[in-house]
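Structure file input39.txt (compact mmCIF, all heavy atoms) follows.
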```
# COMPACT_ATOMS: atom_id res chain seq x y z
N ALA A 112 7.31 0.57 5.48
CA ALA A 112 5.98 0.60 6.07
C ALA A 112 6.05 0.75 7.58
O ALA A 112 5.22 1.42 8.16
CB ALA A 112 5.22 -0.67 5.70
N ALA A 113 7.06 0.15 8.19
CA ALA A 113 7.14 0.18 9.66
C ALA A 113 7.29 1.60 10.19
O ALA A 113 6.74 1.93 11.24
CB ALA A 113 8.29 -0.69 10.14
N GLY A 114 8.01 2.47 9.50
CA GLY A 114 8.23 3.83 9.97
C GLY A 114 7.15 4.81 9.55
O GLY A 114 7.08 5.91 10.09
N ALA A 115 6.31 4.44 8.60
CA ALA A 115 5.34 5.38 8.05
C ALA A 115 4.36 5.95 9.07
O ALA A 115 4.05 7.14 8.99
CB ALA A 115 4.58 4.73 6.90
N PRO A 116 3.87 5.19 10.04
CA PRO A 116 2.92 5.78 10.99
C PRO A 116 3.50 6.97 11.78
O PRO A 116 2.75 7.82 12.25
CB PRO A 116 2.57 4.62 11.92
CG PRO A 116 2.75 3.41 11.07
CD PRO A 116 3.95 3.74 10.22
N ARG A 117 4.81 7.04 11.89
CA ARG A 117 5.43 8.16 12.64
C ARG A 117 5.34 9.47 11.86
O ARG A 117 5.30 10.53 12.45
CB ARG A 117 6.88 7.85 12.96
CG ARG A 117 7.05 6.78 14.00
CD ARG A 117 8.48 6.69 14.51
NE ARG A 117 9.44 6.37 13.46
CZ ARG A 117 9.81 5.15 13.10
NH1 ARG A 117 9.30 4.11 13.73
NH2 ARG A 117 10.68 4.96 12.15
N TRP A 118 5.35 9.43 10.52
CA TRP A 118 5.35 10.67 9.76
C TRP A 118 4.10 10.89 8.92
O TRP A 118 3.90 11.99 8.40
CB TRP A 118 6.60 10.79 8.89
CG TRP A 118 6.91 9.61 8.02
CD1 TRP A 118 7.77 8.60 8.29
CD2 TRP A 118 6.38 9.32 6.72
NE1 TRP A 118 7.81 7.70 7.26
CE2 TRP A 118 6.96 8.13 6.27
CE3 TRP A 118 5.46 9.95 5.88
CZ2 TRP A 118 6.66 7.55 5.04
CZ3 TRP A 118 5.16 9.38 4.66
CH2 TRP A 118 5.77 8.20 4.26
N LEU A 119 3.24 9.88 8.80
CA LEU A 119 1.98 10.09 8.09
C LEU A 119 0.96 10.76 9.00
O LEU A 119 0.80 10.37 10.16
CB LEU A 119 1.39 8.74 7.65
CG LEU A 119 1.74 8.20 6.29
CD1 LEU A 119 1.08 6.84 6.08
CD2 LEU A 119 1.37 9.13 5.18
N ALA A 120 0.28 11.74 8.48
CA ALA A 120 -0.80 12.37 9.24
C ALA A 120 -1.99 11.41 9.27
O ALA A 120 -2.13 10.56 8.39
CB ALA A 120 -1.22 13.68 8.55
N PRO A 121 -2.85 11.51 10.28
CA PRO A 121 -4.06 10.69 10.28
C PRO A 121 -4.83 10.89 8.96
O PRO A 121 -5.02 12.02 8.52
CB PRO A 121 -4.85 11.20 11.48
CG PRO A 121 -3.79 11.73 12.40
CD PRO A 121 -2.75 12.33 11.49
N GLY A 122 -5.20 9.79 8.35
CA GLY A 122 -5.87 9.84 7.06
C GLY A 122 -4.92 9.94 5.88
O GLY A 122 -5.35 9.92 4.74
N GLY A 123 -3.60 10.04 6.17
CA GLY A 123 -2.60 10.14 5.11
C GLY A 123 -2.37 8.81 4.42
O GLY A 123 -2.70 7.75 4.97
N HIS A 124 -1.81 8.86 3.22
CA HIS A 124 -1.61 7.66 2.41
C HIS A 124 -0.15 7.46 2.06
O HIS A 124 0.57 8.42 1.79
CB HIS A 124 -2.40 7.75 1.11
CG HIS A 124 -3.85 8.00 1.28
ND1 HIS A 124 -4.71 7.07 1.80
CD2 HIS A 124 -4.60 9.10 1.02
CE1 HIS A 124 -5.93 7.57 1.83
NE2 HIS A 124 -5.88 8.80 1.37
N LEU A 125 0.24 6.22 2.03
CA LEU A 125 1.55 5.78 1.54
C LEU A 125 1.28 4.90 0.34
O LEU A 125 0.48 3.97 0.42
CB LEU A 125 2.28 4.99 2.63
CG LEU A 125 3.56 4.26 2.21
CD1 LEU A 125 4.65 5.27 1.87
CD2 LEU A 125 4.01 3.33 3.31
N PHE A 126 1.90 5.20 -0.80
CA PHE A 126 1.74 4.42 -2.02
C PHE A 126 3.01 3.61 -2.25
O PHE A 126 4.10 4.17 -2.24
CB PHE A 126 1.50 5.33 -3.22
CG PHE A 126 0.19 6.06 -3.16
CD1 PHE A 126 0.05 7.19 -2.38
CD2 PHE A 126 -0.89 5.61 -3.88
CE1 PHE A 126 -1.15 7.87 -2.33
CE2 PHE A 126 -2.10 6.28 -3.83
CZ PHE A 126 -2.23 7.42 -3.05
N VAL A 127 2.84 2.31 -2.46
CA VAL A 127 3.98 1.42 -2.68
C VAL A 127 3.70 0.58 -3.91
O VAL A 127 2.73 -0.19 -3.93
CB VAL A 127 4.22 0.50 -1.47
CG1 VAL A 127 5.40 -0.42 -1.71
CG2 VAL A 127 4.41 1.30 -0.20
N GLU A 128 4.52 0.75 -4.94
CA GLU A 128 4.38 -0.12 -6.10
C GLU A 128 5.05 -1.45 -5.78
O GLU A 128 6.14 -1.49 -5.20
CB GLU A 128 5.03 0.51 -7.33
CG GLU A 128 4.78 -0.31 -8.58
CD GLU A 128 5.29 0.34 -9.85
OE1 GLU A 128 5.99 1.36 -9.77
OE2 GLU A 128 4.98 -0.19 -10.92
N THR A 129 4.40 -2.53 -6.14
CA THR A 129 4.90 -3.86 -5.82
C THR A 129 4.61 -4.80 -6.98
O THR A 129 3.81 -4.46 -7.86
CB THR A 129 4.27 -4.37 -4.51
OG1 THR A 129 4.89 -5.60 -4.15
CG2 THR A 129 2.79 -4.57 -4.64
N GLY A 130 5.23 -5.93 -6.97
CA GLY A 130 4.93 -6.94 -7.96
C GLY A 130 3.61 -7.62 -7.64
O GLY A 130 3.20 -7.70 -6.48
N GLU A 131 2.94 -8.09 -8.66
CA GLU A 131 1.64 -8.74 -8.47
C GLU A 131 1.74 -9.90 -7.49
O GLU A 131 0.88 -10.10 -6.65
CB GLU A 131 1.14 -9.24 -9.82
CG GLU A 131 -0.21 -9.88 -9.77
CD GLU A 131 -0.69 -10.33 -11.15
OE1 GLU A 131 -0.11 -9.89 -12.15
OE2 GLU A 131 -1.62 -11.13 -11.19
N HIS A 132 2.83 -10.66 -7.57
CA HIS A 132 2.99 -11.83 -6.70
C HIS A 132 3.48 -11.46 -5.29
O HIS A 132 3.49 -12.31 -4.41
CB HIS A 132 3.95 -12.83 -7.34
CG HIS A 132 3.46 -13.31 -8.67
ND1 HIS A 132 2.33 -14.11 -8.80
CD2 HIS A 132 3.90 -13.08 -9.92
CE1 HIS A 132 2.12 -14.36 -10.08
NE2 HIS A 132 3.05 -13.75 -10.78
N GLN A 133 3.88 -10.22 -5.10
CA GLN A 133 4.34 -9.76 -3.79
C GLN A 133 3.27 -8.97 -3.04
O GLN A 133 3.48 -8.55 -1.91
CB GLN A 133 5.58 -8.89 -3.94
CG GLN A 133 6.75 -9.61 -4.55
CD GLN A 133 7.86 -8.66 -4.93
OE1 GLN A 133 7.62 -7.58 -5.45
NE2 GLN A 133 9.10 -9.07 -4.66
N ALA A 134 2.13 -8.76 -3.67
CA ALA A 134 1.10 -7.90 -3.08
C ALA A 134 0.59 -8.40 -1.73
O ALA A 134 0.39 -7.61 -0.81
CB ALA A 134 -0.07 -7.73 -4.05
N ALA A 135 0.42 -9.70 -1.59
CA ALA A 135 -0.08 -10.23 -0.31
C ALA A 135 0.91 -9.97 0.82
O ALA A 135 0.52 -9.57 1.92
CB ALA A 135 -0.36 -11.73 -0.44
N ALA A 136 2.20 -10.18 0.56
CA ALA A 136 3.22 -9.92 1.58
C ALA A 136 3.31 -8.43 1.89
O ALA A 136 3.48 -8.04 3.06
CB ALA A 136 4.57 -10.45 1.13
N ALA A 137 3.18 -7.59 0.87
CA ALA A 137 3.23 -6.14 1.09
C ALA A 137 2.03 -5.69 1.92
O ALA A 137 2.17 -4.85 2.82
CB ALA A 137 3.25 -5.41 -0.25
N GLN A 138 0.86 -6.25 1.65
CA GLN A 138 -0.32 -5.92 2.46
C GLN A 138 -0.11 -6.32 3.91
O GLN A 138 -0.47 -5.57 4.83
CB GLN A 138 -1.55 -6.67 1.95
CG GLN A 138 -2.15 -6.10 0.72
CD GLN A 138 -3.41 -6.85 0.36
OE1 GLN A 138 -4.47 -6.55 0.90
NE2 GLN A 138 -3.30 -7.81 -0.53
N ALA A 139 0.48 -7.48 4.13
CA ALA A 139 0.73 -7.95 5.50
C ALA A 139 1.69 -7.02 6.22
O ALA A 139 1.50 -6.71 7.40
CB ALA A 139 1.28 -9.38 5.48
N ALA A 140 2.73 -6.55 5.53
CA ALA A 140 3.70 -5.63 6.14
C ALA A 140 3.03 -4.32 6.51
O ALA A 140 3.27 -3.77 7.61
CB ALA A 140 4.86 -5.39 5.19
N VAL A 141 2.19 -3.81 5.64
CA VAL A 141 1.48 -2.56 5.89
C VAL A 141 0.52 -2.73 7.07
O VAL A 141 0.46 -1.89 7.96
CB VAL A 141 0.73 -2.14 4.60
CG1 VAL A 141 -0.33 -1.10 4.88
CG2 VAL A 141 1.73 -1.63 3.57
N ARG A 142 -0.20 -3.83 7.06
CA ARG A 142 -1.16 -4.10 8.15
C ARG A 142 -0.44 -4.22 9.50
O ARG A 142 -0.91 -3.70 10.51
CB ARG A 142 -1.95 -5.37 7.83
CG ARG A 142 -3.20 -5.53 8.64
CD ARG A 142 -4.03 -6.73 8.20
NE ARG A 142 -4.70 -6.48 6.92
CZ ARG A 142 -4.42 -7.11 5.79
NH1 ARG A 142 -3.52 -8.05 5.74
NH2 ARG A 142 -5.07 -6.82 4.68
N SER A 143 0.72 -4.89 9.51
CA SER A 143 1.45 -5.06 10.77
C SER A 143 2.01 -3.74 11.29
O SER A 143 2.30 -3.63 12.48
CB SER A 143 2.57 -6.10 10.61
OG SER A 143 3.61 -5.59 9.84
N ALA A 144 2.14 -2.75 10.42
CA ALA A 144 2.59 -1.42 10.84
C ALA A 144 1.44 -0.57 11.36
O ALA A 144 1.64 0.57 11.76
CB ALA A 144 3.28 -0.72 9.68
N GLY A 145 0.21 -1.11 11.33
CA GLY A 145 -0.93 -0.37 11.84
C GLY A 145 -1.64 0.46 10.78
O GLY A 145 -2.47 1.30 11.11
N LEU A 146 -1.31 0.23 9.51
CA LEU A 146 -1.95 0.95 8.42
C LEU A 146 -3.00 0.06 7.76
O LEU A 146 -2.93 -1.16 7.85
CB LEU A 146 -0.90 1.38 7.39
CG LEU A 146 0.24 2.23 7.92
CD1 LEU A 146 1.31 2.42 6.85
CD2 LEU A 146 -0.26 3.58 8.41
N ARG A 147 -3.96 0.68 7.08
CA ARG A 147 -4.99 -0.08 6.36
C ARG A 147 -4.59 -0.20 4.90
O ARG A 147 -4.49 0.82 4.20
CB ARG A 147 -6.33 0.62 6.45
CG ARG A 147 -6.94 0.57 7.83
CD ARG A 147 -8.30 1.21 7.83
NE ARG A 147 -8.15 2.57 7.27
CZ ARG A 147 -8.83 3.62 7.66
NH1 ARG A 147 -9.75 3.50 8.57
NH2 ARG A 147 -8.62 4.80 7.13
N PRO A 148 -4.34 -1.42 4.42
CA PRO A 148 -3.92 -1.59 3.03
C PRO A 148 -5.10 -1.75 2.07
O PRO A 148 -6.15 -2.27 2.43
CB PRO A 148 -3.11 -2.87 3.06
CG PRO A 148 -3.74 -3.66 4.15
CD PRO A 148 -4.21 -2.65 5.18
N ARG A 149 -4.88 -1.28 0.84
CA ARG A 149 -5.80 -1.52 -0.25
C ARG A 149 -4.96 -1.74 -1.49
O ARG A 149 -3.99 -1.01 -1.73
CB ARG A 149 -6.71 -0.31 -0.45
CG ARG A 149 -7.73 -0.49 -1.57
CD ARG A 149 -8.76 0.63 -1.56
NE ARG A 149 -8.20 1.95 -1.68
CZ ARG A 149 -8.22 2.69 -2.80
NH1 ARG A 149 -8.78 2.23 -3.89
NH2 ARG A 149 -7.70 3.88 -2.81
N VAL A 150 -5.28 -2.75 -2.27
CA VAL A 150 -4.52 -3.05 -3.49
C VAL A 150 -5.28 -2.50 -4.68
O VAL A 150 -6.50 -2.65 -4.78
CB VAL A 150 -4.34 -4.58 -3.67
CG1 VAL A 150 -3.61 -4.89 -4.96
CG2 VAL A 150 -3.60 -5.16 -2.49
N THR A 151 -4.56 -1.86 -5.57
CA THR A 151 -5.15 -1.41 -6.83
C THR A 151 -4.24 -1.85 -7.97
O THR A 151 -3.02 -1.94 -7.80
CB THR A 151 -5.39 0.11 -6.83
OG1 THR A 151 -6.11 0.48 -7.99
CG2 THR A 151 -4.10 0.88 -6.75
N ARG A 152 -4.84 -2.17 -9.09
CA ARG A 152 -4.08 -2.64 -10.25
C ARG A 152 -4.48 -1.84 -11.48
O ARG A 152 -5.63 -1.44 -11.63
CB ARG A 152 -4.37 -4.11 -10.49
CG ARG A 152 -3.84 -5.01 -9.41
CD ARG A 152 -4.19 -6.48 -9.68
NE ARG A 152 -3.59 -7.34 -8.67
CZ ARG A 152 -4.13 -7.60 -7.50
NH1 ARG A 152 -5.28 -7.07 -7.17
NH2 ARG A 152 -3.53 -8.40 -6.64
N ASP A 153 -3.51 -1.63 -12.36
CA ASP A 153 -3.77 -1.02 -13.65
C ASP A 153 -3.26 -1.98 -14.71
O ASP A 153 -2.04 -2.15 -14.86
CB ASP A 153 -3.07 0.34 -13.75
CG ASP A 153 -3.45 1.07 -15.02
OD1 ASP A 153 -3.31 0.47 -16.12
OD2 ASP A 153 -3.87 2.23 -14.93
N ASP A 154 -4.19 -2.63 -15.40
CA ASP A 154 -3.80 -3.62 -16.39
C ASP A 154 -3.08 -2.99 -17.58
O ASP A 154 -2.21 -3.62 -18.18
CB ASP A 154 -5.03 -4.40 -16.87
CG ASP A 154 -5.62 -5.26 -15.77
OD1 ASP A 154 -4.87 -5.69 -14.88
OD2 ASP A 154 -6.85 -5.50 -15.81
N ASP A 155 -3.43 -1.75 -17.93
CA ASP A 155 -2.77 -1.09 -19.06
C ASP A 155 -1.29 -0.83 -18.77
O ASP A 155 -0.46 -0.90 -19.67
CB ASP A 155 -3.46 0.22 -19.41
CG ASP A 155 -4.86 0.03 -19.95
OD1 ASP A 155 -5.13 -1.06 -20.53
OD2 ASP A 155 -5.69 0.94 -19.80
N LEU A 156 -0.98 -0.52 -17.53
CA LEU A 156 0.41 -0.22 -17.15
C LEU A 156 1.10 -1.41 -16.51
O LEU A 156 2.28 -1.32 -16.16
CB LEU A 156 0.44 0.96 -16.16
CG LEU A 156 -0.08 2.28 -16.70
CD1 LEU A 156 -0.13 3.32 -15.59
CD2 LEU A 156 0.77 2.76 -17.86
N TYR A 157 0.36 -2.52 -16.33
CA TYR A 157 0.90 -3.70 -15.64
C TYR A 157 1.47 -3.31 -14.28
O TYR A 157 2.58 -3.69 -13.91
CB TYR A 157 1.98 -4.39 -16.49
CG TYR A 157 1.50 -4.75 -17.87
CD1 TYR A 157 1.91 -4.01 -18.97
CD2 TYR A 157 0.63 -5.82 -18.05
CE1 TYR A 157 1.45 -4.33 -20.24
CE2 TYR A 157 0.18 -6.14 -19.32
CZ TYR A 157 0.59 -5.39 -20.40
OH TYR A 157 0.14 -5.71 -21.66
N ALA A 158 0.68 -2.53 -13.53
CA ALA A 158 1.14 -2.00 -12.25
C ALA A 158 0.23 -2.49 -11.12
O ALA A 158 -0.98 -2.56 -11.27
CB ALA A 158 1.15 -0.48 -12.27
N THR A 159 0.85 -2.81 -9.99
CA THR A 159 0.14 -3.17 -8.76
C THR A 159 0.64 -2.22 -7.68
O THR A 159 1.85 -2.10 -7.47
CB THR A 159 0.41 -4.62 -8.37
OG1 THR A 159 0.00 -5.48 -9.43
CG2 THR A 159 -0.33 -5.00 -7.10
N VAL A 160 -0.28 -1.56 -7.00
CA VAL A 160 0.08 -0.57 -5.98
C VAL A 160 -0.69 -0.86 -4.70
O VAL A 160 -1.89 -1.14 -4.73
CB VAL A 160 -0.24 0.87 -6.46
CG1 VAL A 160 0.02 1.88 -5.37
CG2 VAL A 160 0.58 1.20 -7.70
N ILE A 161 0.02 -0.80 -3.60
CA ILE A 161 -0.60 -0.88 -2.27
C ILE A 161 -0.81 0.55 -1.80
O ILE A 161 0.15 1.35 -1.78
CB ILE A 161 0.30 -1.62 -1.25
CG1 ILE A 161 0.72 -2.99 -1.76
CG2 ILE A 161 -0.37 -1.67 0.11
CD1 ILE A 161 -0.39 -3.97 -1.92
N ILE A 162 -2.02 0.88 -1.45
CA ILE A 162 -2.32 2.18 -0.85
C ILE A 162 -2.53 1.91 0.64
O ILE A 162 -3.47 1.22 1.03
CB ILE A 162 -3.57 2.82 -1.46
CG1 ILE A 162 -3.38 2.97 -2.98
CG2 ILE A 162 -3.86 4.18 -0.80
CD1 ILE A 162 -4.65 3.38 -3.71
N ALA A 163 -1.63 2.43 1.44
CA ALA A 163 -1.67 2.22 2.89
C ALA A 163 -2.15 3.52 3.54
O ALA A 163 -1.56 4.58 3.32
CB ALA A 163 -0.29 1.85 3.41
N THR A 164 -3.21 3.43 4.32
CA THR A 164 -3.80 4.61 4.95
C THR A 164 -3.62 4.53 6.46
O THR A 164 -3.89 3.51 7.08
CB THR A 164 -5.29 4.69 4.61
OG1 THR A 164 -5.44 4.67 3.19
CG2 THR A 164 -5.92 5.95 5.18
N ARG A 165 -3.18 5.65 7.02
CA ARG A 165 -3.09 5.72 8.49
C ARG A 165 -4.47 6.06 9.01
O ARG A 165 -5.09 7.05 8.58
CB ARG A 165 -2.10 6.79 8.92
CG ARG A 165 -1.99 6.86 10.43
CD ARG A 165 -0.97 7.85 10.87
NE ARG A 165 -1.10 8.02 12.32
CZ ARG A 165 -0.63 9.05 12.98
NH1 ARG A 165 0.03 9.99 12.34
NH2 ARG A 165 -0.80 9.14 14.27
N PRO A 166 -4.99 5.24 9.93
CA PRO A 166 -6.32 5.52 10.50
C PRO A 166 -6.38 6.85 11.22
O PRO A 166 -5.39 7.41 11.60
CB PRO A 166 -6.56 4.38 11.47
CG PRO A 166 -5.54 3.36 11.15
CD PRO A 166 -4.41 4.05 10.47
```

For the structure just supplied, provide its representation as structure tokens.
Amino acid sequence: AAGAPRWLAPGGHLFVETGEHQAAAAQAAVRSAGLRPRVTRDDDLYATVIIATRP
């Protein structure tokens, strides 16, 4: 997450699959890198994904 702002275009997205219990820490890492985090979950796939957007 720390390096993503250097190569993401403005409005670009970084997708990171994470564990459900790690989502809060992953959001914090994304936020500290200057990206806007959003968490999405898919119960059918048991998946948790952080979508990090460069402003």

A:Thr164, A:Arg149, A:Ala144, A:Ala134: which is nearest Pro116 of chain A, counting all atoms listed in the file? A:Ala144

I need the residues in chain A that are alpha helix (DSSP H) according to DSSP; give them as a count of residues only. 14

Taking only residues of segment 140-166 of chain A that have an atom at most 6 Å from an atom of segment 124-127 of chain A, what is each one's shortest atom pair and its distance in Å to one decimal, using only C-alpha atoms, in chain and number order, as CSV?
```
residue,atom,partner,partner_atom,distance
A:Val160,CA,A:Val127,CA,5.5
A:Ile161,CA,A:Val127,CA,5.1
A:Ile162,CA,A:Phe126,CA,4.8
A:Ala163,CA,A:Leu125,CA,5.0
A:Thr164,CA,A:His124,CA,4.5
```

Work out how far apart atom CB of Pro148 of chain A and atom O of Trp118 of chain A are and give it in Å to one decimal.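 So the answer is 17.3 Å.
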
Separation of atom OH of Tyr157 of chain A from atom CA of Val141 of chain A in Å: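 About the pair atom CA of Val141 of chain A and atom OH of Tyr157 of chain A: they are 27.8 Å apart.
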
State, in Å with one decimal place, the distance from atom CA of Arg152 of chain A to atom CA of Gln133 of chain A.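 Computed distance, atom CA of Arg152 of chain A to atom CA of Gln133 of chain A, equals 12.8 Å.
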
Just checking: using all atoms listed in the file, which residue out of A:Gly145, A:Ala112, A:Thr159, A:Arg117 ends up closest to Thr129 of chain A? A:Thr159
